>>> print(open('structure-v3.cif').read())   # mmCIF, C-alpha atoms
data_work
loop_
_atom_site.group_PDB
_atom_site.id
_atom_site.type_symbol
_atom_site.label_atom_id
_atom_site.label_comp_id
_atom_site.auth_asym_id
_atom_site.auth_seq_id
_atom_site.Cartn_x
_atom_site.Cartn_y
_atom_site.Cartn_z
ATOM 1 C CA MET A 1 3.707 -39.415 11.234
ATOM 2 C CA THR A 2 5.086 -38.071 8.002
ATOM 3 C CA MET A 3 2.918 -36.286 5.522
ATOM 4 C CA ASN A 4 3.903 -36.566 1.927
ATOM 5 C CA SER A 5 1.906 -33.631 0.708
ATOM 6 C CA PRO A 6 3.716 -31.090 -1.431
ATOM 7 C CA VAL A 7 4.993 -27.891 0.096
ATOM 8 C CA LYS A 8 2.093 -25.800 1.192
ATOM 9 C CA PRO A 9 2.407 -22.152 1.993
ATOM 10 C CA MET A 10 2.247 -21.448 5.659
ATOM 11 C CA THR A 11 -0.804 -19.381 6.250
ATOM 12 C CA MET A 12 0.096 -16.800 8.804
ATOM 13 C CA PRO A 13 -3.245 -15.209 9.367
ATOM 14 C CA LEU A 14 -2.488 -11.990 7.574
ATOM 15 C CA VAL A 15 -5.540 -12.024 5.370
ATOM 16 C CA ILE A 16 -6.948 -8.799 4.050
ATOM 17 C CA THR A 17 -10.156 -8.598 2.071
ATOM 18 C CA ARG A 18 -11.408 -5.572 0.195
ATOM 19 C CA MET A 19 -14.333 -4.877 -2.037
ATOM 20 C CA PHE A 20 -13.397 -2.591 -4.901
ATOM 21 C CA ASP A 21 -16.106 -0.811 -6.813
ATOM 22 C CA ALA A 22 -14.483 -1.641 -10.134
ATOM 23 C CA PRO A 23 -14.660 -4.515 -12.614
ATOM 24 C CA ARG A 24 -12.275 -7.400 -12.088
ATOM 25 C CA ALA A 25 -10.406 -6.793 -15.362
ATOM 26 C CA LEU A 26 -9.484 -3.305 -14.196
ATOM 27 C CA VAL A 27 -8.351 -4.481 -10.768
ATOM 28 C CA TRP A 28 -6.234 -7.139 -12.478
ATOM 29 C CA LYS A 29 -4.579 -4.508 -14.669
ATOM 30 C CA ALA A 30 -3.937 -2.333 -11.633
ATOM 31 C CA TRP A 31 -2.051 -5.246 -10.053
ATOM 32 C CA THR A 32 -0.120 -6.442 -13.071
ATOM 33 C CA GLU A 33 0.696 -3.557 -15.408
ATOM 34 C CA PRO A 34 3.557 -1.235 -14.447
ATOM 35 C CA GLU A 35 1.878 1.938 -15.704
ATOM 36 C CA HIS A 36 -1.032 1.217 -13.360
ATOM 37 C CA LEU A 37 1.056 -0.087 -10.465
ATOM 38 C CA MET A 38 3.215 3.007 -10.427
ATOM 39 C CA ARG A 39 0.131 5.087 -9.725
ATOM 40 C CA TRP A 40 -0.747 3.423 -6.453
ATOM 41 C CA TRP A 41 2.047 1.203 -5.120
ATOM 42 C CA GLY A 42 3.046 2.446 -1.687
ATOM 43 C CA PRO A 43 1.300 4.277 1.128
ATOM 44 C CA GLU A 44 0.004 7.822 0.807
ATOM 45 C CA HIS A 45 2.639 10.402 -0.201
ATOM 46 C CA PHE A 46 4.981 7.638 -1.368
ATOM 47 C CA THR A 47 5.857 7.303 -5.035
ATOM 48 C CA ALA A 48 6.741 4.219 -7.033
ATOM 49 C CA PRO A 49 9.505 5.299 -9.414
ATOM 50 C CA VAL A 50 10.226 1.731 -10.592
ATOM 51 C CA CYS A 51 7.797 -1.113 -11.265
ATOM 52 C CA LYS A 52 9.158 -3.885 -13.470
ATOM 53 C CA VAL A 53 6.901 -6.828 -14.142
ATOM 54 C CA ASP A 54 7.654 -10.038 -16.017
ATOM 55 C CA LEU A 55 4.215 -11.583 -15.665
ATOM 56 C CA ARG A 56 4.740 -15.299 -16.220
ATOM 57 C CA VAL A 57 5.250 -18.236 -13.894
ATOM 58 C CA GLY A 58 8.905 -18.092 -12.893
ATOM 59 C CA GLY A 59 9.129 -14.449 -13.965
ATOM 60 C CA THR A 60 10.139 -11.775 -11.474
ATOM 61 C CA TYR A 61 9.047 -8.310 -10.486
ATOM 62 C CA LEU A 62 10.976 -5.439 -8.981
ATOM 63 C CA TYR A 63 9.240 -2.528 -7.303
ATOM 64 C CA CYS A 64 10.633 0.562 -5.712
ATOM 65 C CA MET A 65 8.608 2.623 -3.323
ATOM 66 C CA ARG A 66 10.005 6.018 -2.336
ATOM 67 C CA SER A 67 9.140 7.742 0.923
ATOM 68 C CA PRO A 68 8.442 11.484 1.031
ATOM 69 C CA GLU A 69 11.926 11.832 2.597
ATOM 70 C CA GLY A 70 13.426 10.127 -0.432
ATOM 71 C CA GLN A 71 14.178 6.756 1.101
ATOM 72 C CA ASP A 72 13.766 3.871 -1.338
ATOM 73 C CA PHE A 73 12.277 0.509 -0.430
ATOM 74 C CA TRP A 74 12.914 -2.134 -3.061
ATOM 75 C CA SER A 75 11.057 -5.395 -3.198
ATOM 76 C CA THR A 76 11.245 -8.330 -5.549
ATOM 77 C CA GLY A 77 9.676 -11.718 -6.010
ATOM 78 C CA VAL A 78 8.950 -14.587 -8.349
ATOM 79 C CA TYR A 79 5.531 -15.373 -9.787
ATOM 80 C CA ARG A 80 4.540 -18.863 -8.734
ATOM 81 C CA GLU A 81 1.051 -18.982 -10.171
ATOM 82 C CA ILE A 82 -0.904 -16.789 -12.555
ATOM 83 C CA VAL A 83 -4.533 -17.243 -13.510
ATOM 84 C CA PRO A 84 -5.519 -14.173 -15.540
ATOM 85 C CA ILE A 85 -7.966 -11.851 -13.792
ATOM 86 C CA GLU A 86 -8.410 -14.381 -10.982
ATOM 87 C CA ARG A 87 -5.308 -15.224 -9.085
ATOM 88 C CA ILE A 88 -1.643 -14.351 -8.567
ATOM 89 C CA VAL A 89 0.736 -16.125 -6.249
ATOM 90 C CA CYS A 90 4.201 -14.652 -5.865
ATOM 91 C CA THR A 91 7.047 -14.487 -3.404
ATOM 92 C CA ASP A 92 7.984 -11.216 -1.756
ATOM 93 C CA SER A 93 11.408 -10.224 -0.452
ATOM 94 C CA PHE A 94 13.305 -7.081 0.340
ATOM 95 C CA ALA A 95 15.682 -6.223 -2.466
ATOM 96 C CA ASP A 96 18.320 -3.789 -3.671
ATOM 97 C CA ALA A 97 18.054 -1.635 -6.786
ATOM 98 C CA ASP A 98 19.493 -4.463 -8.905
ATOM 99 C CA GLY A 99 16.801 -6.875 -7.783
ATOM 100 C CA ASN A 100 19.009 -8.916 -5.465
ATOM 101 C CA ILE A 101 17.287 -10.213 -2.357
ATOM 102 C CA VAL A 102 18.677 -8.528 0.756
ATOM 103 C CA ASP A 103 18.538 -9.382 4.429
ATOM 104 C CA PRO A 104 15.387 -7.901 6.034
ATOM 105 C CA LYS A 105 17.728 -6.382 8.643
ATOM 106 C CA THR A 106 18.907 -3.972 5.921
ATOM 107 C CA TYR A 107 15.478 -2.421 6.152
ATOM 108 C CA GLY A 108 15.468 -2.379 9.920
ATOM 109 C CA MET A 109 13.440 -5.550 10.433
ATOM 110 C CA GLY A 110 14.085 -7.817 13.421
ATOM 111 C CA ASP A 111 16.503 -10.773 13.389
ATOM 112 C CA ASP A 112 13.668 -13.201 13.058
ATOM 113 C CA PHE A 113 11.921 -11.576 10.121
ATOM 114 C CA PRO A 114 11.373 -14.065 7.271
ATOM 115 C CA SER A 115 13.553 -13.375 4.227
ATOM 116 C CA GLU A 116 10.849 -14.541 1.870
ATOM 117 C CA LEU A 117 7.096 -14.159 2.105
ATOM 118 C CA LEU A 118 4.373 -15.476 -0.129
ATOM 119 C CA VAL A 119 1.588 -13.255 -1.400
ATOM 120 C CA THR A 120 -1.630 -14.623 -2.861
ATOM 121 C CA ILE A 121 -4.135 -12.315 -4.468
ATOM 122 C CA ILE A 122 -7.526 -13.674 -5.398
ATOM 123 C CA LEU A 123 -10.071 -11.594 -7.290
ATOM 124 C CA GLU A 124 -13.734 -12.522 -7.387
ATOM 125 C CA ASP A 125 -16.436 -10.858 -9.409
ATOM 126 C CA VAL A 126 -19.420 -9.791 -7.320
ATOM 127 C CA ASP A 127 -22.046 -8.168 -9.545
ATOM 128 C CA GLY A 128 -19.517 -6.065 -11.398
ATOM 129 C CA LYS A 129 -17.547 -5.216 -8.271
ATOM 130 C CA THR A 130 -14.394 -7.021 -7.238
ATOM 131 C CA ASN A 131 -13.794 -8.765 -3.977
ATOM 132 C CA MET A 132 -10.081 -9.142 -3.363
ATOM 133 C CA THR A 133 -8.541 -11.491 -0.841
ATOM 134 C CA LEU A 134 -4.895 -10.907 -0.149
ATOM 135 C CA THR A 135 -2.951 -13.396 1.909
ATOM 136 C CA HIS A 136 0.559 -12.659 3.050
ATOM 137 C CA VAL A 137 2.371 -15.539 4.674
ATOM 138 C CA GLY A 138 5.868 -16.182 5.997
ATOM 139 C CA ILE A 139 7.929 -18.942 4.454
ATOM 140 C CA PRO A 140 10.415 -20.580 6.761
ATOM 141 C CA THR A 141 13.104 -22.321 4.743
ATOM 142 C CA ALA A 142 13.356 -25.388 6.976
ATOM 143 C CA GLY A 143 12.535 -28.777 5.517
ATOM 144 C CA GLU A 144 9.868 -29.126 8.156
ATOM 145 C CA MET A 145 7.765 -26.735 6.140
ATOM 146 C CA ARG A 146 6.970 -29.714 3.962
ATOM 147 C CA GLU A 147 4.969 -31.161 6.788
ATOM 148 C CA MET A 148 2.910 -28.073 7.255
ATOM 149 C CA THR A 149 -0.809 -28.304 7.164
ATOM 150 C CA GLN A 150 -2.777 -25.220 6.595
ATOM 151 C CA ALA A 151 -5.632 -25.950 8.960
ATOM 152 C CA GLY A 152 -3.373 -26.885 11.827
ATOM 153 C CA TRP A 153 -1.404 -23.741 11.464
ATOM 154 C CA ASN A 154 -4.375 -21.430 11.295
ATOM 155 C CA GLY A 155 -6.092 -22.904 14.303
ATOM 156 C CA SER A 156 -3.073 -22.908 16.541
ATOM 157 C CA PHE A 157 -1.792 -19.576 15.522
ATOM 158 C CA ASP A 158 -5.099 -17.843 15.962
ATOM 159 C CA LYS A 159 -5.387 -19.185 19.448
ATOM 160 C CA LEU A 160 -1.809 -18.355 20.301
ATOM 161 C CA ALA A 161 -2.114 -14.869 18.928
ATOM 162 C CA ALA A 162 -5.339 -14.409 20.846
ATOM 163 C CA SER A 163 -3.613 -15.483 24.020
ATOM 164 C CA LEU A 164 -1.277 -12.503 23.647
ATOM 165 C CA LYS A 165 -4.031 -9.973 23.711
ATOM 166 C CA MET B 1 19.712 -21.487 14.010
ATOM 167 C CA THR B 2 16.001 -22.214 14.260
ATOM 168 C CA THR B 3 13.720 -19.219 14.068
ATOM 169 C CA VAL B 4 10.382 -18.793 15.799
ATOM 170 C CA TYR B 5 8.732 -19.181 12.367
ATOM 171 C CA GLU B 6 10.437 -22.505 11.778
ATOM 172 C CA ALA B 7 9.594 -23.691 15.271
ATOM 173 C CA LEU B 8 5.948 -22.832 14.654
ATOM 174 C CA ALA B 9 5.918 -24.398 11.208
ATOM 175 C CA GLU B 10 5.812 -27.950 12.578
ATOM 176 C CA PRO B 11 2.293 -29.241 13.407
ATOM 177 C CA THR B 12 3.302 -31.318 16.444
ATOM 178 C CA ARG B 13 5.048 -28.348 17.986
ATOM 179 C CA ARG B 14 1.952 -26.251 17.512
ATOM 180 C CA ARG B 15 -0.063 -28.950 19.274
ATOM 181 C CA ILE B 16 2.448 -28.927 22.122
ATOM 182 C CA LEU B 17 2.075 -25.159 22.415
ATOM 183 C CA ASP B 18 -1.703 -25.521 22.452
ATOM 184 C CA LEU B 19 -1.443 -28.075 25.257
ATOM 185 C CA LEU B 20 0.933 -25.879 27.224
ATOM 186 C CA ARG B 21 -1.331 -22.928 26.736
ATOM 187 C CA GLU B 22 -3.882 -24.696 28.896
ATOM 188 C CA ARG B 23 -1.400 -25.374 31.699
ATOM 189 C CA PRO B 24 2.191 -26.454 32.322
ATOM 190 C CA ARG B 25 2.745 -30.163 31.691
ATOM 191 C CA MET B 26 5.342 -32.867 32.138
ATOM 192 C CA VAL B 27 6.902 -34.753 29.247
ATOM 193 C CA GLY B 28 5.063 -37.980 30.100
ATOM 194 C CA GLU B 29 1.743 -36.264 29.818
ATOM 195 C CA LEU B 30 2.612 -34.842 26.402
ATOM 196 C CA VAL B 31 3.758 -38.292 25.271
ATOM 197 C CA ASP B 32 0.365 -39.729 26.269
ATOM 198 C CA VAL B 33 -1.719 -37.026 24.647
ATOM 199 C CA LEU B 34 0.279 -36.755 21.430
ATOM 200 C CA ALA B 35 0.824 -40.504 21.126
ATOM 201 C CA ILE B 36 4.396 -40.091 19.953
ATOM 202 C CA SER B 37 7.597 -41.365 21.528
ATOM 203 C CA GLN B 38 9.287 -39.631 24.431
ATOM 204 C CA PRO B 39 12.442 -38.890 22.385
ATOM 205 C CA GLY B 40 10.173 -37.351 19.748
ATOM 206 C CA VAL B 41 8.450 -35.111 22.265
ATOM 207 C CA SER B 42 11.779 -34.188 23.844
ATOM 208 C CA LYS B 43 13.189 -33.202 20.479
ATOM 209 C CA HIS B 44 10.274 -30.862 19.811
ATOM 210 C CA LEU B 45 10.505 -29.399 23.310
ATOM 211 C CA ARG B 46 14.185 -28.742 22.742
ATOM 212 C CA VAL B 47 13.425 -26.742 19.593
ATOM 213 C CA LEU B 48 10.692 -24.804 21.382
ATOM 214 C CA ARG B 49 13.054 -24.029 24.249
ATOM 215 C CA GLU B 50 15.763 -22.889 21.836
ATOM 216 C CA VAL B 51 13.505 -20.229 20.369
ATOM 217 C CA GLY B 52 12.182 -19.273 23.790
ATOM 218 C CA LEU B 53 8.589 -20.426 23.296
ATOM 219 C CA VAL B 54 8.794 -22.926 26.141
ATOM 220 C CA ARG B 55 10.612 -22.857 29.457
ATOM 221 C CA VAL B 56 11.177 -25.533 32.089
ATOM 222 C CA ARG B 57 10.371 -25.166 35.746
ATOM 223 C CA GLN B 58 11.831 -27.721 38.092
ATOM 224 C CA ASP B 59 9.801 -28.826 41.084
ATOM 225 C CA ALA B 60 11.678 -31.450 43.122
ATOM 226 C CA GLN B 61 12.177 -34.303 40.642
ATOM 227 C CA ARG B 62 9.606 -33.000 38.223
ATOM 228 C CA HIS B 63 10.189 -30.931 35.109
ATOM 229 C CA TRP B 64 7.242 -28.784 34.143
ATOM 230 C CA TYR B 65 7.183 -27.376 30.636
ATOM 231 C CA GLU B 66 5.357 -24.101 30.280
ATOM 232 C CA LEU B 67 4.484 -21.708 27.479
ATOM 233 C CA ARG B 68 6.507 -18.562 27.125
ATOM 234 C CA PRO B 69 4.480 -16.394 24.725
ATOM 235 C CA GLU B 70 6.914 -13.465 24.416
ATOM 236 C CA PRO B 71 8.468 -14.501 21.048
ATOM 237 C CA LEU B 72 4.987 -14.566 19.550
ATOM 238 C CA ALA B 73 4.778 -10.842 20.088
ATOM 239 C CA GLU B 74 7.470 -10.505 17.437
ATOM 240 C CA VAL B 75 5.474 -12.617 14.995
ATOM 241 C CA ASP B 76 2.443 -10.525 15.781
ATOM 242 C CA ALA B 77 4.459 -7.342 15.223
ATOM 243 C CA TRP B 78 5.458 -8.307 11.688
ATOM 244 C CA LEU B 79 1.866 -9.132 10.895
ATOM 245 C CA GLU B 80 0.853 -5.722 12.135
ATOM 246 C CA THR B 81 3.561 -4.007 10.086
ATOM 247 C CA TYR B 82 2.339 -5.732 6.959
ATOM 248 C CA ARG B 83 -1.331 -5.245 7.697
ATOM 249 C CA HIS B 84 -0.709 -1.537 8.040
ATOM 250 C CA LEU B 85 1.381 -1.365 4.873
ATOM 251 C CA TRP B 86 -1.138 -3.306 2.790
ATOM 252 C CA ASN B 87 -4.060 -1.274 4.036
ATOM 253 C CA ALA B 88 -2.254 1.937 3.163
ATOM 254 C CA ARG B 89 -1.521 0.628 -0.335
ATOM 255 C CA LEU B 90 -5.026 -0.657 -0.845
ATOM 256 C CA ASP B 91 -6.491 2.713 0.104
ATOM 257 C CA ARG B 92 -4.512 4.161 -2.749
ATOM 258 C CA LEU B 93 -5.521 1.351 -5.098
ATOM 259 C CA ASP B 94 -9.128 2.058 -4.232
ATOM 260 C CA ASP B 95 -8.685 5.768 -5.042
ATOM 261 C CA TYR B 96 -6.861 4.911 -8.246
ATOM 262 C CA LEU B 97 -9.566 2.517 -9.398
ATOM 263 C CA GLN B 98 -12.178 5.208 -8.790
ATOM 264 C CA THR B 99 -10.214 7.656 -10.930
ATOM 265 C CA ARG B 100 -9.824 5.088 -13.688
ATOM 266 C CA LYS B 101 -13.467 4.158 -13.572
ATOM 267 C CA GLU B 102 -14.583 7.761 -13.834
ATOM 268 C CA LYS B 103 -12.273 8.184 -16.806
ATOM 269 C CA GLU B 104 -13.726 5.149 -18.518
ATOM 270 C CA ASP B 105 -17.289 6.180 -17.701
ATOM 271 C CA ASN B 106 -16.650 9.620 -19.176
ATOM 272 C CA HIS B 107 -15.076 8.004 -22.184
ATOM 273 C CA ASP B 108 -18.126 5.786 -22.639
ATOM 274 C CA ASN B 109 -20.434 8.794 -22.513
ATOM 275 C CA GLU B 110 -18.537 10.709 -25.128
#
>>> encode(input="structure-v3.cif", output="structure tokens")
Amino acid sequence: MTMNSPVKPMTMPLVITRMFDAPRALVWKAWTEPEHLMRWWGPEHFTAPVCKVDLRVGGTYLYCMRSPEGQDFWSTGVYREIVPIERIVCTDSFADADGNIVDPKTYGMGDDFPSELLVTIILEDVDGKTNMTLTHVGIPTAGEMREMTQAGWNGSFDKLAASLK
Amino acid sequence: MTTVYEALAEPTRRRILDLLRERPRMVGELVDVLAISQPGVSKHLRVLREVGLVRVRQDAQRHWYELRPEPLAEVDAWLETYRHLWNARLDRLDDYLQTRKEKEDNHDNE
């Protein structure tokens, strides 16, 4: 059986939801404007010395996050979908300082680590607060991805992952 | 070279893994359940064996295919890495939003 559906992102079940006690417009700014991003991008004690954002479909971003020891982690990606204050879909890859995608191994990731991931951020207004759903999925480059179905993947993977525990 | 992610990306292969999770099976049985041709099933099993998700145990004339979950630990590990990283970032975003909100509230009260 061949499915002719367009490429769908593979939904690895890395889904994180958070409720922020802030209006959606502010959360959107925090995600999309460099002066805001630089204030929070990266774990505690990290800094974000570079955040470049070209917020349009097909535009790219380049972020640098610096560890307390001074090690830089660059990441880049392309915006695939932008719905102001509601939704961003972008790719996510390890990069160098010039914005070139680099092999995940450069950053000490395993051989099998995907070179490109897809991030979807959805913001929903809940009585003046903002519920954010962040999905981070791996994107294999094989043509077989075109036959992916979201439901099938989720179900199987959840069960398989559970069987590891 | 096929990666574990690519192997898992194909729906039929995920169904095969689900079936093997229940118990080891022979090709014929998979052909019956999946209702696809034997060469088709064999091709998928070959990919799954290549990435180490399935192994074959021979018992006299029979070939039993069984699940080998170890490579999934790697997939799980990257999820964990990212979950940790995102949560750490989002803690900071939360703090930042609070700071911003207080600023704006103060501004409104002025």
>>> residues_around(input="structure-v3.cif", residues="Leu90 (chain B)", least_positions_apart="5", cutoff="12 Å", atoms="all atoms listed in the file", output="PDB file with C-alpha atoms, keeping the file's coordinate frame")
ATOM      1  CA  ILE A  16      -6.948  -8.799   4.050  1.00  0.00           C
ATOM      2  CA  THR A  17     -10.156  -8.598   2.071  1.00  0.00           C
ATOM      3  CA  ARG A  18     -11.408  -5.572   0.195  1.00  0.00           C
ATOM      4  CA  MET A  19     -14.333  -4.877  -2.037  1.00  0.00           C
ATOM      5  CA  PHE A  20     -13.397  -2.591  -4.901  1.00  0.00           C
ATOM      6  CA  VAL A  27      -8.351  -4.481 -10.768  1.00  0.00           C
ATOM      7  CA  ALA A  30      -3.937  -2.333 -11.633  1.00  0.00           C
ATOM      8  CA  TRP A  31      -2.051  -5.246 -10.053  1.00  0.00           C
ATOM      9  CA  LEU A  37       1.056  -0.087 -10.465  1.00  0.00           C
ATOM     10  CA  ARG A  39       0.131   5.087  -9.725  1.00  0.00           C
ATOM     11  CA  TRP A  40      -0.747   3.423  -6.453  1.00  0.00           C
ATOM     12  CA  TRP A  41       2.047   1.203  -5.120  1.00  0.00           C
ATOM     13  CA  GLY A  42       3.046   2.446  -1.687  1.00  0.00           C
ATOM     14  CA  PRO A  43       1.300   4.277   1.128  1.00  0.00           C
ATOM     15  CA  GLU A  44       0.004   7.822   0.807  1.00  0.00           C
ATOM     16  CA  MET A 132     -10.081  -9.142  -3.363  1.00  0.00           C
ATOM     17  CA  THR A 133      -8.541 -11.491  -0.841  1.00  0.00           C
ATOM     18  CA  LEU A 134      -4.895 -10.907  -0.149  1.00  0.00           C
TER      19      LEU A 134
ATOM     20  CA  TYR B  82       2.339  -5.732   6.959  1.00  0.00           C
ATOM     21  CA  ARG B  83      -1.331  -5.245   7.697  1.00  0.00           C
ATOM     22  CA  HIS B  84      -0.709  -1.537   8.040  1.00  0.00           C
ATOM     23  CA  LEU B  85       1.381  -1.365   4.873  1.00  0.00           C
ATOM     24  CA  ASP B  95      -8.685   5.768  -5.042  1.00  0.00           C
ATOM     25  CA  TYR B  96      -6.861   4.911  -8.246  1.00  0.00           C
ATOM     26  CA  LEU B  97      -9.566   2.517  -9.398  1.00  0.00           C
TER      27      LEU B  97
END
>>> closest_atom_pairs(input="structure-v3.cif", of="chain B", to="chain A", cutoff="7 Å", atoms="all atoms listed in the file", output="Markdown table")
| residue | atom | partner | partner_atom | distance |
| --- | --- | --- | --- | --- |
| B:Thr3 | CA | A:Asp112 | CA | 6.1 |
| B:Tyr5 | CA | A:Pro140 | CA | 6.0 |
| B:Glu6 | CA | A:Pro140 | CA | 5.4 |
| B:Ala9 | CA | A:Met145 | CA | 5.9 |
| B:Glu10 | CA | A:Met148 | CA | 6.1 |
| B:Pro11 | CA | A:Met148 | CA | 6.3 |
| B:Arg14 | CA | A:Ser156 | CA | 6.1 |
| B:Asp18 | CA | A:Ser156 | CA | 6.6 |
| B:Leu79 | CA | A:Leu14 | CA | 6.2 |
| B:Arg83 | CA | A:Leu14 | CA | 6.8 |
| B:Leu85 | CA | A:Pro43 | CA | 6.8 |
| B:Ala88 | CA | A:Pro43 | CA | 4.7 |
| B:Arg89 | CA | A:Pro43 | CA | 4.8 |
| B:Arg92 | CA | A:Trp40 | CA | 5.3 |
| B:Leu93 | CA | A:Trp40 | CA | 5.4 |
| B:Asp94 | CA | A:Phe20 | CA | 6.3 |
| B:Tyr96 | CA | A:Trp40 | CA | 6.5 |
| B:Leu97 | CA | A:Ala22 | CA | 6.5 |
| B:Lys101 | CA | A:Ala22 | CA | 6.8 |
>>> residues_around(input="structure-v3.cif", residues="Pro104 (chain A)", least_positions_apart="3", cutoff="12 Å", atoms="all atoms listed in the file", output="ChimeraX atom specification")
/A:73-75,92-96,101,107-117 /B:78
>>> axis_aligned_box(input="structure-v3.cif", around="region 91-96 of chain A", padding_each_side="6 Å", output="lines of an AutoDock Vina configuration file")
center_x = 12.7
center_y = -9.1
center_z = -1.7
size_x = 23.3
size_y = 22.7
size_z = 16.0
>>> closest_residue(input="structure-v3.cif", among="B:Val33, B:Glu104, B:Glu66, B:Arg23", to="Leu45 (chain B)", atoms="only C-alpha atoms")
B:Glu66
>>> atom_distance(input="structure-v3.cif", atom1="CA of Glu86 (chain A)", atom2="CA of Glu124 (chain A)")
6.7 Å
>>> residues_around(input="structure-v3.cif", residues="Ile36 (chain B)", least_positions_apart="5", cutoff="10 Å", atoms="only C-alpha atoms", output="VMD selection string")
(chain A and resid 1) or (chain B and resid 12 30 to 31 41)
>>> atom_distance(input="structure-v3.cif", atom1="CA of Met38 (chain A)", atom2="CA of Asn106 (chain B)")
22.7 Å
>>> atom_distance(input="structure-v3.cif", atom1="CA of Thr135 (chain A)", atom2="CA of Leu123 (chain A)")
11.8 Å
>>> resolve_selection(input="structure-v3.cif", expression="the PyMOL selection byres ((chain B and resi 52) around 9)", output="short mmCIF file (atom, residue, chain, number, x, y, z; two decimals) with C-alpha atoms, in the coordinates of the input")
data_model
loop_
_atom_site.label_atom_id
_atom_site.label_comp_id
_atom_site.auth_asym_id
_atom_site.auth_seq_id
_atom_site.Cartn_x
_atom_site.Cartn_y
_atom_site.Cartn_z
CA VAL B 4 10.38 -18.79 15.80
CA VAL B 47 13.42 -26.74 19.59
CA LEU B 48 10.69 -24.80 21.38
CA ARG B 49 13.05 -24.03 24.25
CA GLU B 50 15.76 -22.89 21.84
CA VAL B 51 13.50 -20.23 20.37
CA LEU B 53 8.59 -20.43 23.30
CA VAL B 54 8.79 -22.93 26.14
CA ARG B 55 10.61 -22.86 29.46
CA LEU B 67 4.48 -21.71 27.48
CA ARG B 68 6.51 -18.56 27.12
CA PRO B 69 4.48 -16.39 24.72
CA GLU B 70 6.91 -13.46 24.42
CA PRO B 71 8.47 -14.50 21.05
#
>>> residues_around(input="structure-v3.cif", residues="region 50-55 of chain A", least_positions_apart="6", cutoff="7 Å", atoms="only C-alpha atoms", output="PyMOL selection string")
chain A and resi 34+37-38+61-64
>>> resolve_selection(input="structure-v3.cif", expression="the PyMOL selection byres ((chain A and resi 70) around 12)", output="ChimeraX atom specification")
/A:45-49,64-69,71-73
>>> closest_residue(input="structure-v3.cif", among="B:Leu20, B:Leu34, B:Leu72, B:Ala77", to="Leu8 (chain B)", atoms="only C-alpha atoms")
B:Leu72
>>> build_atoms(input="structure-v3.cif", residues="region 54-65 of chain B", atoms="N, CA and C atoms", output="PDB file, keeping the file's coordinate frame")
ATOM      1  N   VAL B  54       9.097 -22.045  25.018  1.00  0.00           N
ATOM      2  CA  VAL B  54       8.794 -22.926  26.141  1.00  0.00           C
ATOM      3  C   VAL B  54       9.925 -22.799  27.158  1.00  0.00           C
ATOM      4  N   ARG B  55       9.573 -22.817  28.436  1.00  0.00           N
ATOM      5  CA  ARG B  55      10.612 -22.857  29.457  1.00  0.00           C
ATOM      6  C   ARG B  55      10.309 -24.015  30.423  1.00  0.00           C
ATOM      7  N   VAL B  56      11.331 -24.411  31.165  1.00  0.00           N
ATOM      8  CA  VAL B  56      11.177 -25.533  32.089  1.00  0.00           C
ATOM      9  C   VAL B  56      11.244 -25.010  33.512  1.00  0.00           C
ATOM     10  N   ARG B  57      10.340 -25.503  34.326  1.00  0.00           N
ATOM     11  CA  ARG B  57      10.371 -25.166  35.746  1.00  0.00           C
ATOM     12  C   ARG B  57      10.574 -26.476  36.496  1.00  0.00           C
ATOM     13  N   GLN B  58      11.570 -26.486  37.359  1.00  0.00           N
ATOM     14  CA  GLN B  58      11.831 -27.721  38.092  1.00  0.00           C
ATOM     15  C   GLN B  58      11.200 -27.662  39.470  1.00  0.00           C
ATOM     16  N   ASP B  59      10.501 -28.759  39.808  1.00  0.00           N
ATOM     17  CA  ASP B  59       9.801 -28.826  41.084  1.00  0.00           C
ATOM     18  C   ASP B  59      10.165 -30.193  41.663  1.00  0.00           C
ATOM     19  N   ALA B  60      11.097 -30.201  42.608  1.00  0.00           N
ATOM     20  CA  ALA B  60      11.678 -31.450  43.122  1.00  0.00           C
ATOM     21  C   ALA B  60      12.213 -32.266  41.952  1.00  0.00           C
ATOM     22  N   GLN B  61      11.678 -33.474  41.746  1.00  0.00           N
ATOM     23  CA  GLN B  61      12.177 -34.303  40.642  1.00  0.00           C
ATOM     24  C   GLN B  61      11.429 -34.042  39.336  1.00  0.00           C
ATOM     25  N   ARG B  62      10.455 -33.181  39.402  1.00  0.00           N
ATOM     26  CA  ARG B  62       9.606 -33.000  38.223  1.00  0.00           C
ATOM     27  C   ARG B  62      10.037 -31.810  37.371  1.00  0.00           C
ATOM     28  N   HIS B  63       9.929 -32.019  36.044  1.00  0.00           N
ATOM     29  CA  HIS B  63      10.189 -30.931  35.109  1.00  0.00           C
ATOM     30  C   HIS B  63       8.875 -30.513  34.461  1.00  0.00           C
ATOM     31  N   TRP B  64       8.471 -29.311  34.744  1.00  0.00           N
ATOM     32  CA  TRP B  64       7.242 -28.784  34.143  1.00  0.00           C
ATOM     33  C   TRP B  64       7.605 -27.914  32.947  1.00  0.00           C
ATOM     34  N   TYR B  65       6.967 -28.205  31.831  1.00  0.00           N
ATOM     35  CA  TYR B  65       7.183 -27.376  30.636  1.00  0.00           C
ATOM     36  C   TYR B  65       6.057 -26.366  30.557  1.00  0.00           C
TER      37      TYR B  65
END
